[in-house]
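Here is the file data39.csv (CSV, C-alpha atoms and all ligand atoms).
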chain,number,residue,atom,x,y,z
A,13,MET,CA,127.1,122.0,106.0
A,14,ALA,CA,125.6,120.1,109.0
A,15,SER,CA,122.2,118.4,108.8
A,16,LEU,CA,119.4,119.6,111.1
A,17,GLU,CA,118.0,117.2,113.6
A,18,ILE,CA,114.9,115.4,112.5
A,19,ILE,CA,112.3,115.3,115.2
A,20,THR,CA,110.2,112.1,115.6
A,21,TYR,CA,106.6,111.4,116.6
A,22,PRO,CA,105.3,111.8,119.4
A,23,ASP,CA,106.9,115.2,119.3
A,24,GLU,CA,103.8,117.5,119.3
A,25,ARG,CA,105.3,119.9,116.7
A,26,LEU,CA,104.6,117.2,114.1
A,27,LYS,CA,100.9,117.6,114.7
A,28,GLN,CA,100.7,121.4,114.4
A,29,VAL,CA,99.7,123.5,111.5
A,30,ALA,CA,102.7,125.4,110.1
A,31,GLN,CA,102.6,129.1,109.3
A,32,PRO,CA,103.0,130.6,105.8
A,33,VAL,CA,106.4,132.1,104.9
A,34,GLU,CA,106.3,135.9,104.5
A,35,ARG,CA,109.9,137.0,104.2
A,36,PHE,CA,112.0,135.7,101.3
A,37,ASP,CA,115.4,136.7,102.7
A,38,GLU,CA,118.8,135.3,103.1
A,39,ALA,CA,117.8,133.6,106.3
A,40,LEU,CA,115.1,131.7,104.4
A,41,ARG,CA,117.6,130.6,101.7
A,42,ARG,CA,120.1,129.4,104.3
A,43,PHE,CA,117.4,127.4,106.1
A,44,VAL,CA,116.2,125.8,102.8
A,45,GLU,CA,119.8,124.8,102.1
A,46,ARG,CA,120.2,123.1,105.4
A,47,LEU,CA,116.8,121.5,105.1
A,48,GLU,CA,117.8,120.1,101.7
A,49,GLN,CA,121.0,118.8,103.1
A,50,THR,CA,119.1,117.1,105.9
A,51,MET,CA,116.9,115.3,103.3
A,52,ARG,CA,119.9,114.3,101.2
A,53,ASP,CA,121.8,112.9,104.3
A,54,ALA,CA,118.8,110.7,105.2
A,55,PRO,CA,119.3,107.3,103.4
A,56,GLY,CA,116.4,107.0,100.8
A,57,GLY,CA,114.8,110.3,101.7
A,58,VAL,CA,113.1,111.9,98.7
A,59,GLY,CA,111.2,114.7,100.6
A,60,ILE,CA,111.3,116.7,103.7
A,61,ALA,CA,109.1,119.3,105.4
A,62,ALA,CA,110.2,122.1,107.7
A,63,PRO,CA,108.1,120.8,110.7
A,64,GLN,CA,110.2,117.7,110.6
A,65,VAL,CA,113.1,119.7,111.9
A,66,GLY,CA,110.9,121.6,114.3
A,67,HIS,CA,110.5,124.7,112.2
A,68,LEU,CA,106.8,125.4,111.9
A,69,PHE,CA,106.7,127.1,108.5
A,70,ARG,CA,105.2,126.1,105.2
A,71,ILE,CA,108.3,124.9,103.5
A,72,ALA,CA,108.9,121.5,101.9
A,73,ILE,CA,111.4,120.1,99.5
A,74,VAL,CA,110.9,117.1,97.2
A,75,ASP,CA,113.4,115.5,94.8
A,76,VAL,CA,112.7,112.0,93.6
A,77,SER,CA,115.2,112.2,90.7
A,78,SER,CA,117.5,109.7,92.5
A,79,ARG,CA,114.9,106.9,92.0
A,80,PRO,CA,115.2,105.0,88.7
A,81,LYS,CA,112.7,105.2,85.9
A,82,ILE,CA,110.2,107.7,87.2
A,83,ALA,CA,108.8,110.9,85.8
A,84,CYS,CA,109.8,113.9,87.9
A,85,ASN,CA,110.4,117.6,88.1
A,86,GLY,CA,113.8,117.2,89.8
A,87,ARG,CA,114.4,119.4,92.8
A,88,MET,CA,111.3,121.3,94.0
A,89,VAL,CA,111.4,123.8,96.8
A,90,LEU,CA,107.7,124.2,97.8
A,91,ILE,CA,107.0,127.3,99.9
A,92,ASN,CA,103.4,128.0,100.9
A,93,PRO,CA,102.4,125.3,98.5
A,94,GLU,CA,98.8,124.7,97.3
A,95,ILE,CA,97.5,121.7,95.5
A,96,LEU,CA,95.3,123.1,92.7
A,97,SER,CA,94.0,119.9,91.2
A,98,TRP,CA,93.8,116.2,91.9
A,99,GLU,CA,93.2,113.2,89.6
A,100,GLY,CA,92.9,109.5,90.2
A,101,MET,CA,93.6,107.6,93.3
A,102,VAL,CA,96.4,105.1,93.9
A,103,LYS,CA,97.6,103.1,96.9
A,104,GLY,CA,101.3,103.0,97.7
A,105,ARG,CA,103.6,102.4,100.5
A,106,GLU,CA,105.1,105.2,102.6
A,107,GLY,CA,107.5,105.7,105.4
A,108,CYS,CA,108.5,108.8,107.2
A,109,MET,CA,111.8,110.0,108.7
A,110,SER,CA,109.7,111.2,111.6
A,111,VAL,CA,108.2,107.8,112.2
A,112,PRO,CA,111.1,105.4,112.2
A,113,ASP,CA,110.7,101.6,111.7
A,114,PHE,CA,107.2,101.6,110.2
A,115,THR,CA,105.8,101.7,106.7
A,116,GLY,CA,102.2,101.4,105.6
A,117,ASN,CA,99.9,101.8,102.7
A,118,VAL,CA,98.3,105.1,101.9
A,119,VAL,CA,95.9,106.2,99.2
A,120,ARG,CA,96.9,109.4,97.4
A,121,ALA,CA,95.9,111.3,94.3
A,122,GLU,CA,97.8,109.8,91.3
A,123,CYS,CA,98.2,113.1,89.5
A,124,ILE,CA,98.3,116.7,91.0
A,125,THR,CA,99.1,120.2,90.0
A,126,VAL,CA,100.8,122.2,92.8
A,127,SER,CA,101.6,125.8,92.9
A,128,ALA,CA,104.3,127.2,95.3
A,129,LEU,CA,106.9,129.8,95.7
A,130,ASP,CA,110.5,128.9,95.5
A,131,GLU,CA,113.2,130.2,97.9
A,132,THR,CA,113.5,133.4,95.9
A,133,GLY,CA,109.8,134.1,96.2
A,134,ARG,CA,109.1,133.2,92.6
A,135,GLN,CA,105.8,131.6,91.7
A,136,ARG,CA,106.1,128.1,90.4
A,137,GLU,CA,103.7,125.5,89.2
A,138,TYR,CA,104.4,121.8,88.9
A,139,ARG,CA,102.5,118.9,87.5
A,140,CYS,CA,103.4,115.7,89.4
A,141,THR,CA,102.4,112.1,88.9
A,142,GLY,CA,102.7,108.8,90.7
A,143,TYR,CA,105.7,108.5,93.1
A,144,GLU,CA,106.5,112.2,92.9
A,145,ALA,CA,102.9,113.2,93.5
A,146,ARG,CA,102.8,110.9,96.5
A,147,ALA,CA,105.9,112.6,97.9
A,148,VAL,CA,104.5,116.1,97.4
A,149,GLN,CA,101.2,115.1,99.1
A,150,HIS,CA,103.1,113.5,102.0
A,151,GLU,CA,105.2,116.6,102.6
A,152,ILE,CA,102.3,119.0,102.3
A,153,ASP,CA,100.5,116.9,104.9
A,154,HIS,CA,103.4,117.6,107.3
A,155,LEU,CA,102.6,121.4,106.9
A,156,ASP,CA,99.1,120.7,108.1
A,157,GLY,CA,100.2,118.6,111.1
A,158,LEU,CA,99.3,115.3,109.4
A,159,LEU,CA,101.4,112.1,109.3
A,160,PHE,CA,100.9,109.2,106.9
A,161,LEU,CA,99.7,107.4,110.0
A,162,ASP,CA,96.6,109.5,109.8
A,163,ARG,CA,95.8,108.1,106.4
A,164,LEU,CA,96.7,104.4,106.6
A,165,VAL,CA,94.4,102.1,104.7
A,166,SER,CA,93.1,98.8,106.0
A,167,ARG,CA,95.0,95.8,104.9
A,168,ARG,CA,91.8,94.3,103.8
A,169,THR,CA,91.4,96.8,101.0
A,170,ASP,CA,94.8,95.5,99.6
A,171,LEU,CA,92.9,92.5,98.3
A,172,PHE,CA,91.3,94.6,95.7
A,173,PRO,CA,93.8,97.0,94.1
A,174,ARG,CA,92.1,99.7,92.1
A,175,LYS,CA,93.7,98.5,88.8
A,176,ASN,CA,91.5,95.4,88.8
A,177,TYR,CA,88.5,97.6,88.6
A,178,GLY,CA,90.0,99.8,85.9
A,179,SER,CA,90.8,96.9,83.6
A,180,ARG,CA,87.4,95.2,83.9
A,181,LYS,CA,85.9,94.6,80.6
A,182,SER,CA,82.3,95.3,79.9
A,183,ALA,CA,80.2,92.2,79.6
B,191,MET,CA,115.7,90.5,132.8
B,192,SER,CA,112.7,90.1,130.6
B,193,ASP,CA,112.1,87.8,127.6
B,194,TRP,CA,109.8,87.8,124.6
B,195,TYR,CA,107.2,85.1,124.0
B,196,MET,CA,104.8,84.4,121.2
B,197,LEU,CA,101.3,84.0,122.6
B,198,THR,CA,98.8,82.2,120.4
B,199,VAL,CA,95.1,82.4,121.3
B,200,VAL,CA,92.3,80.7,119.4
B,201,GLY,CA,88.7,80.2,120.1
B,202,GLU,CA,85.1,80.8,119.1
B,203,ASP,CA,84.7,84.5,118.2
B,204,ARG,CA,82.7,86.8,120.4
B,205,PRO,CA,83.0,90.5,121.3
B,206,GLY,CA,85.5,91.4,124.0
B,207,ILE,CA,88.2,88.8,123.5
B,208,VAL,CA,91.0,91.2,122.8
B,209,ALA,CA,90.0,93.6,125.6
B,210,ARG,CA,89.9,90.8,128.2
B,211,VAL,CA,93.1,89.0,127.1
B,212,THR,CA,95.1,92.2,126.9
B,213,LYS,CA,93.7,93.4,130.3
B,214,ALA,CA,95.0,90.3,131.9
B,215,LEU,CA,98.4,90.8,130.3
B,216,PHE,CA,98.6,94.4,131.3
B,217,GLU,CA,97.6,93.6,134.9
B,218,GLY,CA,100.3,90.9,134.9
B,219,GLY,CA,103.0,93.5,134.0
B,220,CYS,CA,103.5,92.4,130.4
B,221,ASN,CA,104.6,94.5,127.6
B,222,LEU,CA,102.9,93.9,124.2
B,223,GLY,CA,104.7,94.0,120.8
B,224,GLU,CA,103.7,93.2,117.3
B,225,ALA,CA,100.5,91.3,116.8
B,226,SER,CA,98.1,89.9,114.3
B,227,MET,CA,94.6,89.4,115.5
B,228,MET,CA,91.6,88.5,113.3
B,229,ARG,CA,88.5,86.6,112.8
B,230,LEU,CA,89.0,83.6,110.6
B,231,GLY,CA,85.8,81.8,109.9
B,232,GLY,CA,83.9,81.9,113.1
B,233,SER,CA,87.0,81.7,115.2
B,234,PHE,CA,89.1,84.5,116.6
B,235,THR,CA,92.8,84.2,116.4
B,236,ILE,CA,95.6,86.1,118.2
B,237,MET,CA,99.3,85.9,117.5
B,238,LEU,CA,100.9,88.3,119.9
B,239,MET,CA,104.5,89.2,121.0
B,240,VAL,CA,104.5,89.5,124.8
B,241,GLU,CA,107.5,90.6,126.9
B,242,LEU,CA,107.6,89.8,130.6
B,243,GLU,CA,109.9,89.0,133.4
B,244,GLY,CA,109.5,85.4,134.0
B,245,THR,CA,108.9,82.1,132.3
B,246,GLY,CA,106.5,80.9,129.7
B,247,GLU,CA,104.6,79.1,132.5
B,248,ARG,CA,104.1,82.4,134.2
B,249,LEU,CA,102.6,83.9,131.1
B,250,LEU,CA,100.3,80.9,130.6
B,251,ARG,CA,99.1,81.3,134.2
B,252,LEU,CA,98.3,85.0,133.6
B,253,VAL,CA,96.1,84.2,130.6
B,254,GLU,CA,94.5,81.0,131.7
B,255,PRO,CA,91.7,82.4,133.9
B,256,VAL,CA,90.3,84.6,131.1
B,257,ALA,CA,91.0,82.0,128.4
B,258,GLY,CA,89.1,79.4,130.5
B,259,SER,CA,86.1,81.7,131.0
B,260,LEU,CA,86.0,82.5,127.2
B,261,GLY,CA,86.7,79.0,126.0
B,262,LEU,CA,90.0,79.9,124.3
B,263,HIS,CA,93.0,77.7,123.6
B,264,VAL,CA,96.3,79.3,124.6
B,265,HIS,CA,99.8,78.4,123.5
B,266,VAL,CA,103.1,80.0,124.5
B,267,ASP,CA,106.5,79.8,122.8
B,268,ALA,CA,109.7,81.4,123.9
B,269,ILE,CA,111.1,83.3,120.9
B,270,ALA,CA,114.4,84.7,119.8
B,271,GLY,CA,112.5,87.5,118.1
B,272,ARG,CA,112.7,91.1,119.1
B,273,LEU,CA,111.0,94.4,118.1
B,274,HIS,CA,112.4,96.6,115.3
B,275,ARG,CA,113.2,93.8,113.0
B,276,HIS,CA,110.9,94.7,110.2
B,277,LEU,CA,111.8,93.7,106.7
B,278,GLU,CA,110.5,95.9,103.9
B,279,PRO,CA,108.4,94.3,101.2
B,280,ASP,CA,109.4,95.1,97.6
B,281,VAL,CA,106.7,93.2,95.8
B,282,SER,CA,103.0,92.6,96.2
B,283,VAL,CA,101.2,89.6,94.7
B,284,THR,CA,97.4,89.3,94.3
B,285,VAL,CA,95.9,86.0,93.2
B,286,TYR,CA,92.2,85.4,92.7
B,287,GLY,CA,90.0,83.0,90.9
B,288,ALA,CA,87.5,80.2,91.2
B,289,ASP,CA,88.5,78.3,94.3
B,290,ARG,CA,90.1,75.0,93.7
B,291,ALA,CA,92.5,72.7,95.5
B,292,GLY,CA,96.1,73.4,95.3
B,293,ILE,CA,96.2,77.0,94.2
B,294,VAL,CA,98.1,78.2,97.2
B,295,ALA,CA,100.6,75.4,97.2
B,296,ARG,CA,101.3,75.8,93.4
B,297,VAL,CA,101.6,79.6,93.5
B,298,THR,CA,103.6,79.9,96.6
B,299,GLY,CA,105.8,77.0,95.6
B,300,ALA,CA,106.7,78.6,92.3
B,301,LEU,CA,107.3,82.0,94.0
B,302,ALA,CA,109.5,80.5,96.7
B,303,GLU,CA,111.6,78.7,94.2
B,304,ALA,CA,112.0,82.0,92.3
B,305,GLY,CA,113.3,83.8,95.4
B,306,LEU,CA,110.2,85.2,97.2
B,307,HIS,CA,110.3,85.6,100.9
B,308,ILE,CA,106.7,86.0,102.1
B,309,LEU,CA,106.4,88.7,104.8
B,310,GLU,CA,102.7,88.7,105.0
B,311,LEU,CA,99.9,86.7,103.5
B,312,ARG,CA,96.2,87.2,103.8
B,313,SER,CA,93.6,85.1,102.0
B,314,ASP,CA,89.9,84.8,101.9
B,315,VAL,CA,87.2,82.7,100.3
B,316,ALA,CA,84.4,84.9,99.0
B,317,GLY,CA,81.6,84.3,96.5
B,318,SER,CA,79.0,81.7,97.4
B,319,LYS,CA,78.9,78.2,98.6
B,320,GLU,CA,78.3,77.0,95.0
B,321,ASN,CA,80.8,79.3,93.4
B,322,PRO,CA,83.5,80.1,95.9
B,323,ILE,CA,86.2,82.6,94.9
B,324,TYR,CA,89.7,82.3,96.4
B,325,ILE,CA,91.5,85.6,97.0
B,326,MET,CA,95.0,85.9,98.2
B,327,HIS,CA,97.3,88.9,98.8
B,328,ILE,CA,101.0,88.5,99.6
B,329,GLU,CA,103.6,91.1,100.4
B,330,GLY,CA,107.1,89.9,100.3
B,331,HIS,CA,110.7,90.4,99.4
B,332,ALA,CA,111.9,89.2,96.0
B,333,ALA,CA,115.5,88.2,96.5
B,334,ARG,CA,116.1,87.6,92.8
B,335,GLY,CA,114.0,90.4,91.5
B,336,ILE,CA,110.4,90.7,90.4
B,337,ASP,CA,111.0,89.4,86.9
B,338,ALA,CA,112.1,86.1,88.3
B,339,LEU,CA,108.7,85.8,90.0
B,340,ARG,CA,106.9,86.8,86.9
B,341,THR,CA,108.7,84.2,84.8
B,342,ALA,CA,108.0,81.5,87.4
B,343,LEU,CA,104.3,82.3,87.5
B,344,SER,CA,103.9,82.4,83.7
B,345,GLN,CA,105.4,78.9,83.6
B,346,LEU,CA,102.7,77.6,85.9
B,347,GLY,CA,100.0,77.7,83.2
B,348,LEU,CA,97.3,79.1,85.5
B,349,GLU,CA,95.0,80.4,82.8
B,350,ASP,CA,91.9,80.3,84.9
B,351,ILE,CA,93.1,82.5,87.8
B,352,GLU,CA,94.2,86.1,87.9
B,353,VAL,CA,97.7,86.8,89.2
B,354,HIS,CA,98.9,90.4,89.6
B,355,LEU,CA,102.5,91.2,90.5
B,356,GLU,CA,103.5,94.7,91.4
B,357,PRO,CA,106.6,96.2,92.7
B,358,VAL,CA,106.3,98.0,96.1
B,359,THR,CA,108.3,101.2,96.1
B,360,THR,CA,108.3,102.7,99.5
B,361,MET,CA,108.3,106.5,99.5
B,362,LEU,CA,110.4,107.9,102.4
B,363,GLY,CA,109.7,111.5,103.2
C,1,ZN,ZN,107.2,112.3,106.5

As structure tokens, what does this structure read like?
Ligand SMILES: [Zn+2]
Amino acid sequence: MASLEIITYPDERLKQVAQPVERFDEALRRFVERLEQTMRDAPGGVGIAAPQVGHLFRIAIVDVSSRPKIACNGRMVLINPEILSWEGMVKGREGCMSVPDFTGNVVRAECITVSALDETGRQREYRCTGYEARAVQHEIDHLDGLLFLDRLVSRRTDLFPRKNYGSRKSA
Amino acid sequence: MSDWYMLTVVGEDRPGIVARVTKALFEGGCNLGEASMMRLGGSFTIMLMVELEGTGERLLRLVEPVAGSLGLHVHVDAIAGRLHRHLEPDVSVTVYGADRAGIVARVTGALAEAGLHILELRSDVAGSKENPIYIMHIEGHAARGIDALRTALSQLGLEDIEVHLEPVTTMLG
């Protein structure tokens, strides 16, 4: 199965809000398959959103299970996803297949609960932490026309990672 | 046929330096690349990749009028560097503590020997005149792994400063 072509910024479709999916039919399942293939064909890619292939619908896929030593839910097809809860904040480095040759630091919730439909229309709920939670938030941003470039944090804040505050002992 | 140069500009800080220098470059037909520009102490510093058709002397002549009027020192080097040659960091190191001579040399010396290639370093002196605090943040590539860096740092015996080493795992999505 052939990959789909990944569009790159400044393609204006990456800045548009995607539409909810209403029909859970064979065409949707075929598209999800090809979207997943596109993600897996991209070296290092752990997530993808439909707008990245120019398809403006609320569909994302995340699978971080190829990365060593991290907690994860495996393959997640997230259709019409909604983040139900957020906890904690953590800075991490992100890159995007639609923004080649640049990475930057972004602050994301450390722990989220997300509800979504899968490609058969079944309701799912996932609890994600750390790296996986970051990937889900990055992909859901794509559905709202947001890129990680919209959330870059200043280098200066790097001097004070949050952990230092967390581990401060009381005097 | 155009070439890349590294333009260095240093002078007393005041508002408008970046706007005026880059306007002169734009009007001279230059193309700008990667840059680091910041206020250090009371000075403003620019390290800027500039591409133009012509020699380093031509670039110097483009910048000199505005540099002269703002009291800036300018330096130009022809470089072999090009765009799209980013290296990805896989480790970040934060060091802070009471400021004292030799911290940077000892820490970076140990890290270099353990395989660290520094891609970016920012440091600052905060606190007060009487009790200065030195703060340094490094992003780099650990050629022999992060544990080699950890071991090297633990052998330094720097009890009075804080050193945090963290892997940088870039999420690509
Ligand atoms: Zn992306």

Can I get the residues close to ligand ZN 1 (chain C) as a PDB file with C-alpha atoms, keeping the file's coordinate frame, where close means within 7 Å and we count all atoms listed in the file?
ATOM      1  CA  ILE A  60     111.300 116.700 103.700  1.00  0.00           C
ATOM      2  CA  GLY A 107     107.500 105.700 105.400  1.00  0.00           C
ATOM      3  CA  CYS A 108     108.500 108.800 107.200  1.00  0.00           C
ATOM      4  CA  MET A 109     111.800 110.000 108.700  1.00  0.00           C
ATOM      5  CA  SER A 110     109.700 111.200 111.600  1.00  0.00           C
ATOM      6  CA  HIS A 150     103.100 113.500 102.000  1.00  0.00           C
ATOM      7  CA  GLU A 151     105.200 116.600 102.600  1.00  0.00           C
ATOM      8  CA  HIS A 154     103.400 117.600 107.300  1.00  0.00           C
ATOM      9  CA  LEU A 159     101.400 112.100 109.300  1.00  0.00           C
TER      10      LEU A 159
ATOM     11  CA  LEU B 362     110.400 107.900 102.400  1.00  0.00           C
ATOM     12  CA  GLY B 363     109.700 111.500 103.200  1.00  0.00           C
TER      13      GLY B 363
END

Using all atoms of range 275-279 of chain B that appear in the file, construct an axis-aligned enclosing box with 4 Å of padding on every side and provide its centre coordinates and edge lengths in Å, rounded to one decimal, as JSON.
{"center_x": 110.8, "center_y": 94.8, "center_z": 107.1, "size_x": 12.8, "size_y": 10.2, "size_z": 19.8}

> Pick the closest to Leu26 in chain A from A:Gln64, A:Thr141, A:Ser166, A:Thr125: which is it, counting all atoms listed in the file?
Replying inline: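 Selected residue with least distance to Leu26 in chain A: A:Gln64.
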
>> I'd like the neighbourhood of range 221-228 of chain B as a list in words, where a residue qualifies if any of its atoms comes within 9 Å (using only C-alpha atoms), though same-chain residues fewer than 6 positions away should be ignored.
In response: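 Skipping anything fewer than 6 positions along the chain leaves Trp194, Val208, Thr212, Leu215, Phe234, Thr235, Ile236, Met237, Leu238, Met239, Val240, Glu241, Leu242, Arg272 and Leu273 of chain B.
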
Would you pick out the contacts of Arg163 in chain A at 10 Å or less, using all atoms listed in the file, so that residues sharing its chain but fewer than 4 positions from it are not included, and give the list as a CSV table (one decimal) with C-alpha atoms, in the frame of the given file?
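result-v4.csv written:
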chain,number,residue,atom,x,y,z
A,116,GLY,CA,102.2,101.4,105.6
A,117,ASN,CA,99.9,101.8,102.7
A,118,VAL,CA,98.3,105.1,101.9
A,119,VAL,CA,95.9,106.2,99.2
A,120,ARG,CA,96.9,109.4,97.4
A,158,LEU,CA,99.3,115.3,109.4
A,159,LEU,CA,101.4,112.1,109.3

> Which chain B residues are at most 8 Å from chain A (counting all atoms listed in the file), as a PyMOL selection string?
Replying inline: chain B and resi 274+276+278+284+325-327+358-363

> Near Leu355 in chain B, within 8 Å and counting only C-alpha atoms, which residues show up once chain neighbours fewer than 5 positions away are dropped, as a VMD selection string?
Replying inline: chain B and resid 281 to 284 336 340

>> Neighbouring residues of Gly232 in chain B were defined as those with any atom within 8 Å, considering all atoms listed in the file; residues of the same chain fewer than 3 positions away were excluded. Please report them as a count of residues only.
In response: 3

> Which value, in Å to one decimal, gives the distance between CA of Asp193 in chain B and CA of Ala268 in chain B?
Replying inline: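 So the answer is 7.8 Å.
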
>> Show me the residues close to (90.4, 74.7, 120.5) - anything with an atom within 9 Å, counting only C-alpha atoms - and format the list as a VMD selection string.
In response: chain B and resid 200 to 202 261 to 264

>> Could you tell me how far CA of Tyr195 in chain B sits from CA of Leu260 in chain B, in Å to one decimal place?
In response: 21.6 Å

> If we count only C-alpha atoms, what is near Leu249 in chain B at a cut-off of 9 Å, once residues fewer than 3 positions away on the same chain are taken out, given as a VMD selection string?
Replying inline: chain B and resid 195 197 215 218 220 240 242 244 to 246 252 to 254 266

> With distances taken over only C-alpha atoms, which of A:Val65, A:Gly100, A:Arg87, A:Gln49 is nearest to Asp23 in chain A?
Replying inline: A:Val65

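Note that the spacing between CA of Glu48 in chain A and CA of Asp280 in chain B amounts to 26.7 Å.
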
> Which residue, A:Ser77, A:Ser15, A:Thr20, A:Gln28, has the smallest gap to Gly157 in chain A when you use only C-alpha atoms?
Replying inline: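 Among the listed residues, A:Gln28 lies closest to Gly157 in chain A.
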
> Looking at all atoms listed in the file, which of A:Leu47, A:Val33, A:Val165, A:Leu68 is the one that sits closest to Gly133 in chain A?
Replying inline: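 Nearest to Gly133 in chain A: A:Val33.
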
> For Asp53 in chain A, which residue out of A:Ile71, A:Leu90, A:Leu16, A:Leu161 is the nearest one, using only C-alpha atoms?
Replying inline: A:Leu16

> Between A:Val29, A:Cys123, A:Leu164, A:Leu155, which one has atoms that come closest to Leu96 in chain A, using all atoms listed in the file?
Replying inline: A:Cys123

> Within 10 Å of (104.8, 84.1, 90.1), in the coordinates the file gives, what residues turn up when you count all atoms listed in the file, written out as a ChimeraX atom specification?
Replying inline: /B:283-285,296-304,306,336-346,353-355
